[in-house]
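Structure file entry-v3.txt (compact mmCIF, C-alpha atoms) follows.
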```txt
# COMPACT_ATOMS: atom_id res chain seq x y z
CA MET A 16 87.62 85.54 87.27
CA SER A 17 89.17 83.39 84.63
CA ALA A 18 92.61 81.98 84.94
CA ARG A 19 95.17 83.49 82.60
CA LEU A 20 98.39 81.98 81.40
CA ILE A 21 101.61 83.86 81.18
CA ASP A 22 102.55 86.11 78.30
CA MET A 23 105.39 84.71 76.23
CA PRO A 24 107.66 87.42 74.88
CA THR A 25 109.39 87.26 71.52
CA LEU A 26 113.12 87.95 71.22
CA GLU A 27 114.72 89.13 68.00
CA THR A 28 118.36 88.81 67.01
CA GLU A 29 120.19 89.51 63.77
CA ARG A 30 119.04 86.29 62.11
CA LEU A 31 116.53 84.73 64.50
CA ILE A 32 113.14 85.06 66.12
CA LEU A 33 112.79 83.34 69.50
CA ARG A 34 109.12 82.84 70.33
CA GLY A 35 106.85 80.83 72.60
CA PRO A 36 106.20 77.16 71.75
CA LYS A 37 103.03 76.10 69.93
CA LEU A 38 101.36 72.96 68.62
CA GLU A 39 102.90 73.37 65.15
CA ASP A 40 106.35 72.85 66.72
CA TYR A 41 105.46 69.47 68.16
CA ALA A 42 106.19 67.29 65.11
CA ALA A 43 109.77 68.54 64.84
CA TRP A 44 110.18 68.16 68.61
CA GLU A 45 108.94 64.56 68.46
CA THR A 46 111.37 63.75 65.65
CA PHE A 47 114.22 65.30 67.63
CA MET A 48 113.26 63.51 70.85
CA ALA A 49 113.10 60.15 69.04
CA SER A 50 116.57 60.66 67.56
CA PRO A 51 120.08 60.11 68.94
CA ARG A 52 120.41 63.93 68.96
CA ALA A 53 118.25 63.85 72.12
CA GLN A 54 120.65 61.62 74.01
CA TYR A 55 121.81 64.42 76.32
CA VAL A 56 118.30 65.60 77.21
CA GLY A 57 116.73 62.32 78.31
CA GLY A 58 116.10 60.81 74.87
CA PRO A 59 115.54 59.04 72.66
CA VAL A 60 111.91 58.63 73.80
CA GLY A 61 108.64 57.51 72.21
CA GLN A 62 105.60 59.56 71.37
CA HIS A 63 103.87 59.57 74.78
CA GLU A 64 107.01 60.70 76.59
CA ALA A 65 107.78 63.26 73.88
CA TRP A 66 104.30 64.76 74.21
CA ARG A 67 104.60 64.90 78.01
CA ALA A 68 108.00 66.55 77.74
CA PHE A 69 106.68 69.14 75.29
CA GLY A 70 103.68 69.83 77.51
CA HIS A 71 106.09 70.21 80.43
CA LEU A 72 108.17 72.68 78.43
CA VAL A 73 105.08 74.74 77.63
CA GLY A 74 103.53 74.47 81.09
CA LEU A 75 106.69 75.72 82.79
CA TRP A 76 105.94 79.13 81.29
CA ALA A 77 102.78 79.28 83.38
CA LEU A 78 104.20 77.72 86.55
CA ARG A 79 107.46 79.67 86.60
CA GLY A 80 106.67 82.80 84.62
CA HIS A 81 109.42 81.94 82.15
CA GLY A 82 110.37 79.05 79.92
CA ALA A 83 112.07 77.82 76.81
CA PHE A 84 111.75 79.69 73.52
CA ILE A 85 111.46 78.07 70.12
CA ILE A 86 114.30 79.10 67.80
CA THR A 87 113.21 80.14 64.30
CA GLN A 88 114.97 81.91 61.47
CA LYS A 89 113.58 85.26 60.39
CA GLY A 90 111.10 84.79 57.57
CA ASN A 91 110.45 81.13 58.37
CA ASP A 92 108.39 80.09 61.39
CA GLN A 93 109.68 76.49 61.39
CA GLY A 94 111.01 75.50 64.83
CA LEU A 95 114.71 74.58 64.82
CA GLY A 96 115.45 74.11 68.50
CA THR A 97 114.84 75.49 71.97
CA VAL A 98 116.72 77.93 74.13
CA GLY A 99 116.04 79.73 77.37
CA PRO A 100 115.13 79.49 81.04
CA TRP A 101 114.70 75.96 82.32
CA LEU A 102 113.68 75.26 85.90
CA PRO A 103 111.98 71.92 86.60
CA ILE A 104 111.24 71.02 90.22
CA ASP A 105 114.50 69.12 90.78
CA TRP A 106 116.90 71.75 89.36
CA PRO A 107 119.25 73.19 91.98
CA GLU A 108 119.16 76.63 90.33
CA PRO A 109 117.80 78.33 87.22
CA GLU A 110 119.36 77.14 84.00
CA ILE A 111 119.75 78.38 80.48
CA GLY A 112 119.11 75.25 78.46
CA TRP A 113 119.17 74.58 74.75
CA THR A 114 118.37 71.88 72.22
CA CYS A 115 119.37 71.92 68.55
CA TRP A 116 116.92 69.93 66.43
CA GLU A 117 118.51 70.60 63.07
CA PRO A 118 122.08 69.49 62.25
CA ARG A 119 122.23 72.24 59.62
CA LEU A 120 122.33 74.83 62.42
CA GLU A 121 125.67 73.48 63.56
CA GLY A 122 128.58 75.65 62.55
CA THR A 123 126.35 78.64 61.69
CA GLY A 124 126.69 80.39 65.06
CA MET A 125 122.93 80.47 65.36
CA MET A 126 122.85 78.48 68.62
CA TYR A 127 125.31 81.01 70.01
CA GLU A 128 123.17 83.88 68.75
CA ALA A 129 120.07 82.34 70.33
CA SER A 130 121.64 81.54 73.69
CA ARG A 131 123.31 84.97 73.85
CA ALA A 132 119.84 86.53 73.45
CA ALA A 133 118.42 84.20 76.12
CA LEU A 134 121.18 85.20 78.55
CA ASP A 135 120.55 88.89 77.90
CA TYR A 136 116.86 88.25 78.51
CA VAL A 137 117.31 86.51 81.88
CA PHE A 138 119.85 89.01 83.18
CA HIS A 139 118.26 92.23 81.90
CA THR A 140 114.53 91.44 81.80
CA LEU A 141 114.06 88.70 84.40
CA LYS A 142 116.83 90.20 86.60
CA TRP A 143 118.45 86.86 87.37
CA GLU A 144 121.57 87.25 89.49
CA THR A 145 123.19 84.10 88.16
CA ALA A 146 122.57 81.48 85.49
CA VAL A 147 124.04 78.05 84.84
CA SER A 148 123.92 75.47 82.11
CA TYR A 149 123.96 71.80 83.10
CA ILE A 150 125.91 69.86 80.52
CA ASP A 151 126.87 66.23 80.10
CA PRO A 152 130.68 66.32 79.70
CA GLU A 153 130.28 63.82 76.85
CA ASN A 154 128.41 66.48 74.86
CA PRO A 155 131.25 68.41 73.21
CA ARG A 156 129.05 70.78 71.19
CA SER A 157 127.24 72.02 74.28
CA VAL A 158 130.48 72.33 76.23
CA ALA A 159 131.94 74.40 73.37
CA LEU A 160 128.87 76.62 73.25
CA ALA A 161 128.97 77.25 77.00
CA LYS A 162 132.63 78.22 76.79
CA ARG A 163 132.02 80.49 73.80
CA LEU A 164 129.29 82.20 75.85
CA GLY A 165 131.91 82.93 78.50
CA ALA A 166 130.71 80.39 81.04
CA HIS A 167 133.20 78.65 83.32
CA HIS A 168 133.07 75.14 84.72
CA ASP A 169 131.93 75.61 88.33
CA THR A 170 133.29 72.52 90.04
CA LYS A 171 131.73 73.40 93.42
CA ALA A 172 128.14 73.61 92.19
CA LYS A 173 125.97 70.52 91.85
CA GLY A 174 123.73 69.67 88.91
CA PRO A 175 120.43 67.76 88.88
CA HIS A 176 122.21 64.58 87.76
CA PRO A 177 125.46 63.24 89.24
CA ASP A 178 127.38 63.37 85.96
CA ASP A 179 126.39 66.91 84.99
CA HIS A 180 129.01 69.57 84.68
CA VAL A 181 127.83 72.97 85.86
CA TYR A 182 128.80 75.86 83.60
CA ARG A 183 128.20 79.21 85.26
CA HIS A 184 127.56 82.11 82.94
CA ALA A 185 129.27 85.45 83.27
CA VAL A 186 126.97 88.13 84.67
CA PRO A 187 126.93 91.23 82.44
CA GLU A 188 129.32 93.79 83.94
CA ARG A 189 126.87 96.60 84.31
CA LEU A 190 124.74 94.41 86.58
CA ILE A 191 127.57 93.60 89.00
CA MET B 28 103.98 90.05 70.19
CA THR B 29 102.77 88.11 73.19
CA VAL B 30 100.76 84.93 73.43
CA SER B 31 98.17 84.85 76.14
CA PHE B 32 94.76 83.41 76.80
CA LYS B 33 92.26 82.63 79.50
CA ILE B 34 90.85 79.28 80.36
CA PRO B 35 87.21 79.00 81.35
CA GLU B 36 86.42 78.08 84.94
CA LEU B 37 83.48 75.78 85.58
CA LEU B 38 81.42 76.21 88.74
CA THR B 39 79.06 73.62 90.20
CA ARG B 40 77.30 73.58 93.57
CA ASP B 41 80.34 72.18 95.36
CA LEU B 42 83.24 72.52 92.97
CA ARG B 43 85.36 74.97 91.06
CA LEU B 44 87.22 73.64 88.03
CA ARG B 45 90.20 75.94 87.52
CA LEU B 46 93.73 76.04 86.15
CA PRO B 47 96.28 74.12 88.29
CA ARG B 48 98.77 76.32 90.12
CA MET B 49 102.18 75.87 91.67
CA ASP B 50 100.63 75.62 95.15
CA ASP B 51 98.60 72.57 94.07
CA PHE B 52 101.82 70.69 93.42
CA GLU B 53 102.30 69.11 96.84
CA THR B 54 98.87 67.47 96.73
CA TYR B 55 99.32 66.46 93.11
CA ALA B 56 102.75 64.95 93.75
CA ALA B 57 101.38 62.97 96.72
CA PHE B 58 98.67 61.51 94.49
CA ARG B 59 101.02 60.88 91.57
CA GLY B 60 103.54 59.22 93.88
CA SER B 61 100.96 56.88 95.38
CA GLN B 62 99.68 53.51 94.23
CA ARG B 63 96.39 55.26 93.38
CA SER B 64 98.01 56.53 90.22
CA ALA B 65 99.10 53.07 89.04
CA THR B 66 96.06 52.91 86.75
CA VAL B 67 97.00 56.18 85.03
CA GLY B 68 100.67 55.51 84.26
CA GLY B 69 102.08 55.98 87.78
CA PRO B 70 103.41 55.96 90.38
CA PHE B 71 105.56 58.96 89.46
CA SER B 72 108.70 60.38 91.02
CA VAL B 73 108.49 64.00 92.18
CA GLU B 74 110.26 65.07 88.98
CA GLN B 75 107.81 63.17 86.79
CA ALA B 76 104.86 64.52 88.78
CA PHE B 77 106.03 68.07 88.19
CA GLY B 78 106.40 67.41 84.48
CA SER B 79 102.93 65.94 84.48
CA LEU B 80 101.38 68.97 86.24
CA ALA B 81 103.14 71.28 83.82
CA GLU B 82 101.91 69.14 80.94
CA ILE B 83 98.31 69.67 82.07
CA ILE B 84 98.79 73.42 81.73
CA GLY B 85 100.85 73.05 78.57
CA GLN B 86 98.09 71.23 76.73
CA TRP B 87 95.78 74.24 77.25
CA GLN B 88 98.32 76.40 75.51
CA LEU B 89 98.95 73.88 72.74
CA ARG B 90 95.42 72.75 71.97
CA GLY B 91 93.17 75.42 73.46
CA TYR B 92 91.42 72.88 75.69
CA GLY B 93 92.62 70.75 78.55
CA ARG B 94 92.20 69.49 82.07
CA TRP B 95 91.17 71.44 85.12
CA LEU B 96 92.14 71.18 88.75
CA VAL B 97 89.00 70.23 90.67
CA ALA B 98 88.87 72.39 93.79
CA ASP B 99 86.40 72.51 96.64
CA ARG B 100 84.35 75.61 95.82
CA ALA B 101 84.35 76.88 99.40
CA SER B 102 87.85 75.99 100.63
CA ASP B 103 89.76 75.75 97.30
CA GLU B 104 91.21 72.41 98.50
CA PRO B 105 92.52 70.47 95.48
CA LEU B 106 90.47 67.31 94.98
CA GLY B 107 91.43 65.97 91.59
CA ILE B 108 92.13 66.54 87.92
CA ILE B 109 89.52 66.28 85.19
CA GLY B 110 88.98 67.41 81.66
CA HIS B 111 89.95 67.05 78.03
CA TYR B 112 93.09 64.95 77.78
CA HIS B 113 94.54 64.70 74.31
CA PRO B 114 98.15 63.58 73.96
CA MET B 115 99.39 63.02 70.43
CA ASP B 116 99.21 59.24 70.73
CA TRP B 117 95.51 59.08 71.74
CA PRO B 118 92.91 58.04 69.16
CA GLU B 119 90.64 60.97 70.10
CA VAL B 120 90.22 63.57 72.81
CA GLU B 121 88.83 62.06 76.00
CA ILE B 122 87.46 63.15 79.34
CA GLY B 123 90.16 61.95 81.73
CA TRP B 124 89.87 62.08 85.50
CA SER B 125 91.91 61.43 88.62
CA LEU B 126 90.67 61.83 92.16
CA PHE B 127 93.20 62.67 94.87
CA ASN B 128 93.56 60.39 97.86
CA GLN B 129 91.42 62.38 100.28
CA ALA B 130 88.54 63.19 97.91
CA GLU B 131 87.03 59.71 97.68
CA GLY B 132 83.39 59.06 98.52
CA ARG B 133 82.08 62.63 98.30
CA GLY B 134 80.51 62.47 94.87
CA VAL B 135 83.24 64.77 93.61
CA ALA B 136 84.18 62.78 90.51
CA THR B 137 80.57 62.37 89.37
CA GLN B 138 79.77 66.06 89.77
CA ALA B 139 82.99 67.15 88.09
CA ALA B 140 82.57 64.72 85.19
CA LYS B 141 79.01 65.90 84.61
CA ALA B 142 80.22 69.50 84.61
CA VAL B 143 82.86 68.76 81.99
CA ARG B 144 80.39 66.77 79.91
CA GLN B 145 77.78 69.54 80.07
CA TYR B 146 80.42 72.10 79.06
CA THR B 147 81.60 69.82 76.24
CA HIS B 148 78.06 69.55 74.91
CA GLU B 149 76.64 73.02 75.49
CA THR B 150 79.65 75.29 75.04
CA LEU B 151 82.10 73.37 72.87
CA LYS B 152 79.27 71.58 71.01
CA TRP B 153 81.42 68.51 70.46
CA ALA B 154 80.08 65.12 69.39
CA PRO B 155 79.67 62.49 72.14
CA ILE B 156 83.02 62.24 73.87
CA ALA B 157 84.80 59.18 75.23
CA SER B 158 86.78 58.21 78.30
CA LEU B 159 89.63 55.71 77.89
CA ILE B 160 89.89 53.27 80.78
CA THR B 161 91.78 50.01 81.28
CA ASP B 162 89.46 47.16 82.22
CA GLU B 163 91.52 46.64 85.38
CA ASN B 164 90.73 50.15 86.62
CA THR B 165 87.58 49.13 88.44
CA ARG B 166 87.01 52.49 90.17
CA SER B 167 87.06 54.46 86.94
CA ARG B 168 84.99 51.84 85.20
CA ALA B 169 82.36 52.08 87.93
CA LEU B 170 82.31 55.86 87.49
CA ALA B 171 81.87 55.51 83.73
CA GLU B 172 78.94 53.17 84.33
CA ARG B 173 77.42 55.56 86.88
CA LEU B 174 77.73 58.30 84.27
CA GLY B 175 75.77 56.19 81.77
CA CYS B 176 78.69 55.54 79.42
CA SER B 177 78.57 52.68 76.91
CA PRO B 178 81.59 50.42 76.43
CA GLU B 179 82.97 50.23 72.89
CA ASP B 180 86.14 48.69 71.43
CA THR B 181 89.54 48.86 73.02
CA PHE B 182 92.40 50.96 71.76
CA ALA B 183 95.80 49.23 71.95
CA HIS B 184 98.34 51.64 73.37
CA PRO B 185 102.01 50.63 73.09
CA THR B 186 102.72 51.48 76.76
CA PHE B 187 99.40 51.32 78.59
CA GLY B 188 97.96 48.27 76.83
CA ALA B 189 94.28 47.93 76.01
CA LEU B 190 92.25 51.03 76.81
CA ARG B 191 88.49 50.57 76.65
CA ILE B 192 86.60 53.40 74.97
CA TRP B 193 83.59 54.38 77.07
CA ARG B 194 81.21 56.65 75.14
CA HIS B 195 79.37 59.32 77.09
CA PRO B 196 75.69 60.19 76.69
CA MET B 197 75.34 63.92 76.01
CA GLY B 198 72.68 66.50 76.71
CA GLN B 199 71.45 65.11 80.04
CA ASP B 200 73.58 67.00 82.54
CA ASP B 201 72.49 69.97 84.63
CA VAL B 202 75.19 70.67 87.21
CA LEU B 203 76.90 73.78 85.82
CA GLU B 204 76.09 76.94 87.76
CA ALA B 205 78.45 79.17 85.82
CA VAL B 206 81.19 79.21 83.21
CA GLN B 207 83.55 82.10 83.85
```

Encoded form using structure tokens:
Amino acid sequence: MSARLIDMPTLETERLILRGPKLEDYAAWETFMASPRAQYVGGPVGQHEAWRAFGHLVGLWALRGHGAFIITQKGNDQGLGTVGPWLPIDWPEPEIGWTCWEPRLEGTGMMYEASRAALDYVFHTLKWETAVSYIDPENPRSVALAKRLGAHHDTKAKGPHPDDHVYRHAVPERLI
Amino acid sequence: MTVSFKIPELLTRDLRLRLPRMDDFETYAAFRGSQRSATVGGPFSVEQAFGSLAEIIGQWQLRGYGRWLVADRASDEPLGIIGHYHPMDWPEVEIGWSLFNQAEGRGVATQAAKAVRQYTHETLKWAPIASLITDENTRSRALAERLGCSPEDTFAHPTFGALRIWRHPMGQDDVLEAVQ
């Protein structure tokens, strides 16, 4: 029998398509990871580290059965960021993570739209019972997004890094 | 729409080359955390080792070819990693290999490398492929010589330094029993 990697679903929102990552996304990822915009996700890093990180992002789909989606606008397949389940080996619990590669997305509500869809996906499709986002408190945009999503700062929970703030997302009411 | 694919498994007399799985991680992390991996960018923390194992699988998805986990055909014990390694900063795709700590001295690397080379030639029909090895990595260099590779120029990598390009002879291997 041949090995078989995991299916990657596609999520659709009003303005966006969230799909699995592919090679064509790598160039934009590398640019993002080399830029100061990546400072809250381990960057900036050079090409070898960026490739490893992208491979990691893709491979998590196979190892975990879920992973980060690439954010695209309807009608244009260009990758603009990532959003979705994130569970490396050293994460205390499953996270909804996000990266925004394009400054022009800021202020459009599209990161909210994407992360809202990712939360619906993990609670309704993957049947997660809880979800957190680990956020550097110095990252005001991510803190604002977590709050807009209805997450609260869980001061008792620990993140993967000592300085992380843990934002715990609200579980949809009909699942409680 | 879903994205899915299969990767081919290569079978030799003693080995099965298959996709790495979560339950290979402990063995992989032990190797990646040891001094043995110093010649291939290590040693790695557990977090880095996990990223690296995921990257192996991720490259299959991204490029359609990649590296296999070398398992003992009878017991499925993980013995090493081998296959087509092609990060964005490499000059060309190479056959890269790593043998785990306990798999030394059993002819595993030679048999696995010949299997990958035969598959590269007969199934993928690629031109003669290279392996990139630092001159200080005497074990890998000895394997390249045993495999009949010819040394060419070095490639200067910003992090890893000078990597010697060893060019493989093609069309001489006969170790594959099946490709599944």

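As for CA of Leu75 in chain A and CA of Val73 in chain B, they are spaced 15.1 Å apart.
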
**Request:** Could you tell me which of A:Ala68, A:Leu33, A:Ala146, A:Met125 comes closest to chain B if we count all atoms listed in the file?
**Result:**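 Closest residue, counting all atoms listed in the file: A:Ala68.
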
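Residues in contact with Trp116 in chain A at up to 6 Å, not including ones fewer than 4 positions away on its chain and judged by all atoms listed in the file, are Phe47, Leu95 and Gly96 of chain A.
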
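When all atoms listed in the file are used to compute distances to Glu149 in chain B, the closest of the residues B:Leu96, B:Met197, B:Leu37, B:Cys176 turns out to be B:Met197.
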
**Request:** Specify as a ChimeraX atom specification all residues of chain B found within 10 Å of chain A, counting all atoms listed in the file.
**Result:** /B:28-37,45-50,52,73-91,113-117,184-186,206-207

Write out the residues from the selection above, keeping C-alpha atoms, as a tab-separated table (two decimals), in the frame of the given file.
```tsv
chain	number	residue	atom	x	y	z
B	28	MET	CA	103.98	90.05	70.19
B	29	THR	CA	102.77	88.11	73.19
B	30	VAL	CA	100.76	84.93	73.43
B	31	SER	CA	98.17	84.85	76.14
B	32	PHE	CA	94.76	83.41	76.80
B	33	LYS	CA	92.26	82.63	79.50
B	34	ILE	CA	90.85	79.28	80.36
B	35	PRO	CA	87.21	79.00	81.35
B	36	GLU	CA	86.42	78.08	84.94
B	37	LEU	CA	83.48	75.78	85.58
B	45	ARG	CA	90.20	75.94	87.52
B	46	LEU	CA	93.73	76.04	86.15
B	47	PRO	CA	96.28	74.12	88.29
B	48	ARG	CA	98.77	76.32	90.12
B	49	MET	CA	102.18	75.87	91.67
B	50	ASP	CA	100.63	75.62	95.15
B	52	PHE	CA	101.82	70.69	93.42
B	73	VAL	CA	108.49	64.00	92.18
B	74	GLU	CA	110.26	65.07	88.98
B	75	GLN	CA	107.81	63.17	86.79
B	76	ALA	CA	104.86	64.52	88.78
B	77	PHE	CA	106.03	68.07	88.19
B	78	GLY	CA	106.40	67.41	84.48
B	79	SER	CA	102.93	65.94	84.48
B	80	LEU	CA	101.38	68.97	86.24
B	81	ALA	CA	103.14	71.28	83.82
B	82	GLU	CA	101.91	69.14	80.94
B	83	ILE	CA	98.31	69.67	82.07
B	84	ILE	CA	98.79	73.42	81.73
B	85	GLY	CA	100.85	73.05	78.57
B	86	GLN	CA	98.09	71.23	76.73
B	87	TRP	CA	95.78	74.24	77.25
B	88	GLN	CA	98.32	76.40	75.51
B	89	LEU	CA	98.95	73.88	72.74
B	90	ARG	CA	95.42	72.75	71.97
B	91	GLY	CA	93.17	75.42	73.46
B	113	HIS	CA	94.54	64.70	74.31
B	114	PRO	CA	98.15	63.58	73.96
B	115	MET	CA	99.39	63.02	70.43
B	116	ASP	CA	99.21	59.24	70.73
B	117	TRP	CA	95.51	59.08	71.74
B	184	HIS	CA	98.34	51.64	73.37
B	185	PRO	CA	102.01	50.63	73.09
B	186	THR	CA	102.72	51.48	76.76
B	206	VAL	CA	81.19	79.21	83.21
B	207	GLN	CA	83.55	82.10	83.85
```

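Within 7 Å of Arg94 in chain B, once all atoms listed in the file are used and residues closer than 5 positions along the same chain are dropped, the contacting residues are B:Ile83, B:Ile108, B:Ile109, B:Gly110, B:His111, B:Tyr112.
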
**Message:** Set the distance at 7 Å and use all atoms listed in the file: which residues neighbour range 149-152 of chain A once local chain neighbours fewer than 4 positions away are removed? I'd like the list as a list in words.
**Reply:** Tyr55, Ser157, Val158, Gly174, Asp178, Asp179, His180, Val181 and Tyr182 of chain A

**Request:** Pick out the residues sitting within 12 Å of Asp201 in chain B, and hand them over as JSON, numbers by chain; count only C-alpha atoms, and ignore anything fewer than 6 positions along from it in its own chain.
**Result:** {"B": [38, 39, 40, 138, 139, 140, 141, 142, 143, 144, 145, 146, 148, 149]}

Restricting the output to C-alpha atoms, write the selected residues as a short mmCIF file (atom, residue, chain, number, x, y, z; two decimals), in the coordinates of the input.
```cif
data_model
loop_
_atom_site.label_atom_id
_atom_site.label_comp_id
_atom_site.auth_asym_id
_atom_site.auth_seq_id
_atom_site.Cartn_x
_atom_site.Cartn_y
_atom_site.Cartn_z
CA LEU B 38 81.42 76.21 88.74
CA THR B 39 79.06 73.62 90.20
CA ARG B 40 77.30 73.58 93.57
CA GLN B 138 79.77 66.06 89.77
CA ALA B 139 82.99 67.15 88.09
CA ALA B 140 82.57 64.72 85.19
CA LYS B 141 79.01 65.90 84.61
CA ALA B 142 80.22 69.50 84.61
CA VAL B 143 82.86 68.76 81.99
CA ARG B 144 80.39 66.77 79.91
CA GLN B 145 77.78 69.54 80.07
CA TYR B 146 80.42 72.10 79.06
CA HIS B 148 78.06 69.55 74.91
CA GLU B 149 76.64 73.02 75.49
#
```

**Request:** Could you tell me how far CA of Pro155 in chain B lies from CA of Gly132 in chain B, in Å and to one decimal?
**Result:**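 Interatomic distance, CA of Pro155 in chain B to CA of Gly132 in chain B: 26.9 Å.
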
**Request:** Please indicate the distance in Å from CA of Ser61 in chain B to CA of Gly58 in chain A, rounded to one decimal place.
**Result:** 25.8 Å

**Prompt:** Pick from A:Thr145, A:Thr87, A:Ser50, A:Ser130: nearest to Leu164 in chain A, with all atoms listed in the file counted?
**Reply:**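 Ranking A:Thr145, A:Thr87, A:Ser50, A:Ser130 by distance to Leu164 in chain A, first place goes to A:Ser130.
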
**Asked** Using only C-alpha atoms, which of A:Ala49, A:Ala43, A:Phe138, A:Glu153 sits nearest Thr97 in chain A?
**Response**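 Nearest to Thr97 in chain A: A:Ala43.
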
Box for range 126-140 of chain B: with edges along x, y and z, all listed atoms inside and 8 Å added on each side, what are the centre and edge lengths in Å to one decimal, as lines of an AutoDock Vina configuration file?
```
center_x = 86.7
center_y = 63.1
center_z = 92.7
size_x = 29.8
size_y = 24.1
size_z = 31.1
```

**Distance criterion (all atoms listed in the file): nearest to Gly198 in chain B out of B:Asn164, B:Gln129, B:Thr181, B:Thr147** =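 Of B:Asn164, B:Gln129, B:Thr181, B:Thr147, the one nearest Gly198 in chain B is B:Thr147, counting all atoms listed in the file.
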
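Closest approach to Leu31 in chain A among A:Gln54, A:Thr46, A:Thr170, A:Thr123: A:Thr123, based on all atoms listed in the file.
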
Missing atoms in range 45-58 of chain A should be modelled up to N, CA and C atoms and reported as a PDB file, keeping the file's coordinate frame.
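Result file follows (result_19.pdb):
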```pdb
ATOM      1  N   GLU A  45     109.065  66.019  68.327  1.00  0.00           N
ATOM      2  CA  GLU A  45     108.940  64.560  68.460  1.00  0.00           C
ATOM      3  C   GLU A  45     110.046  63.856  67.676  1.00  0.00           C
ATOM      4  N   THR A  46     110.303  64.337  66.471  1.00  0.00           N
ATOM      5  CA  THR A  46     111.370  63.750  65.650  1.00  0.00           C
ATOM      6  C   THR A  46     112.717  63.885  66.351  1.00  0.00           C
ATOM      7  N   PHE A  47     112.971  65.084  66.881  1.00  0.00           N
ATOM      8  CA  PHE A  47     114.220  65.300  67.630  1.00  0.00           C
ATOM      9  C   PHE A  47     114.312  64.370  68.832  1.00  0.00           C
ATOM     10  N   MET A  48     113.222  64.294  69.616  1.00  0.00           N
ATOM     11  CA  MET A  48     113.260  63.510  70.850  1.00  0.00           C
ATOM     12  C   MET A  48     113.379  62.008  70.584  1.00  0.00           C
ATOM     13  N   ALA A  49     112.980  61.569  69.396  1.00  0.00           N
ATOM     14  CA  ALA A  49     113.100  60.150  69.040  1.00  0.00           C
ATOM     15  C   ALA A  49     114.479  59.826  68.470  1.00  0.00           C
ATOM     16  N   SER A  50     115.295  60.852  68.253  1.00  0.00           N
ATOM     17  CA  SER A  50     116.570  60.660  67.560  1.00  0.00           C
ATOM     18  C   SER A  50     117.745  60.610  68.537  1.00  0.00           C
ATOM     19  N   PRO A  51     118.886  60.110  68.080  1.00  0.00           N
ATOM     20  CA  PRO A  51     120.080  60.110  68.940  1.00  0.00           C
ATOM     21  C   PRO A  51     120.505  61.522  69.346  1.00  0.00           C
ATOM     22  N   ARG A  52     120.063  62.553  68.600  1.00  0.00           N
ATOM     23  CA  ARG A  52     120.410  63.930  68.960  1.00  0.00           C
ATOM     24  C   ARG A  52     119.887  64.292  70.350  1.00  0.00           C
ATOM     25  N   ALA A  53     118.861  63.547  70.818  1.00  0.00           N
ATOM     26  CA  ALA A  53     118.250  63.850  72.120  1.00  0.00           C
ATOM     27  C   ALA A  53     118.924  63.123  73.275  1.00  0.00           C
ATOM     28  N   GLN A  54     120.055  62.475  72.982  1.00  0.00           N
ATOM     29  CA  GLN A  54     120.650  61.620  74.010  1.00  0.00           C
ATOM     30  C   GLN A  54     121.094  62.391  75.261  1.00  0.00           C
ATOM     31  N   TYR A  55     121.354  63.672  75.139  1.00  0.00           N
ATOM     32  CA  TYR A  55     121.810  64.420  76.320  1.00  0.00           C
ATOM     33  C   TYR A  55     120.667  65.125  77.044  1.00  0.00           C
ATOM     34  N   VAL A  56     119.453  64.981  76.548  1.00  0.00           N
ATOM     35  CA  VAL A  56     118.300  65.600  77.210  1.00  0.00           C
ATOM     36  C   VAL A  56     117.221  64.551  77.498  1.00  0.00           C
ATOM     37  N   GLY A  57     117.679  63.340  77.858  1.00  0.00           N
ATOM     38  CA  GLY A  57     116.730  62.320  78.310  1.00  0.00           C
ATOM     39  C   GLY A  57     116.195  61.419  77.213  1.00  0.00           C
ATOM     40  N   GLY A  58     116.606  61.637  75.963  1.00  0.00           N
ATOM     41  CA  GLY A  58     116.100  60.810  74.870  1.00  0.00           C
ATOM     42  C   GLY A  58     117.048  59.686  74.530  1.00  0.00           C
TER      43      GLY A  58
END
```
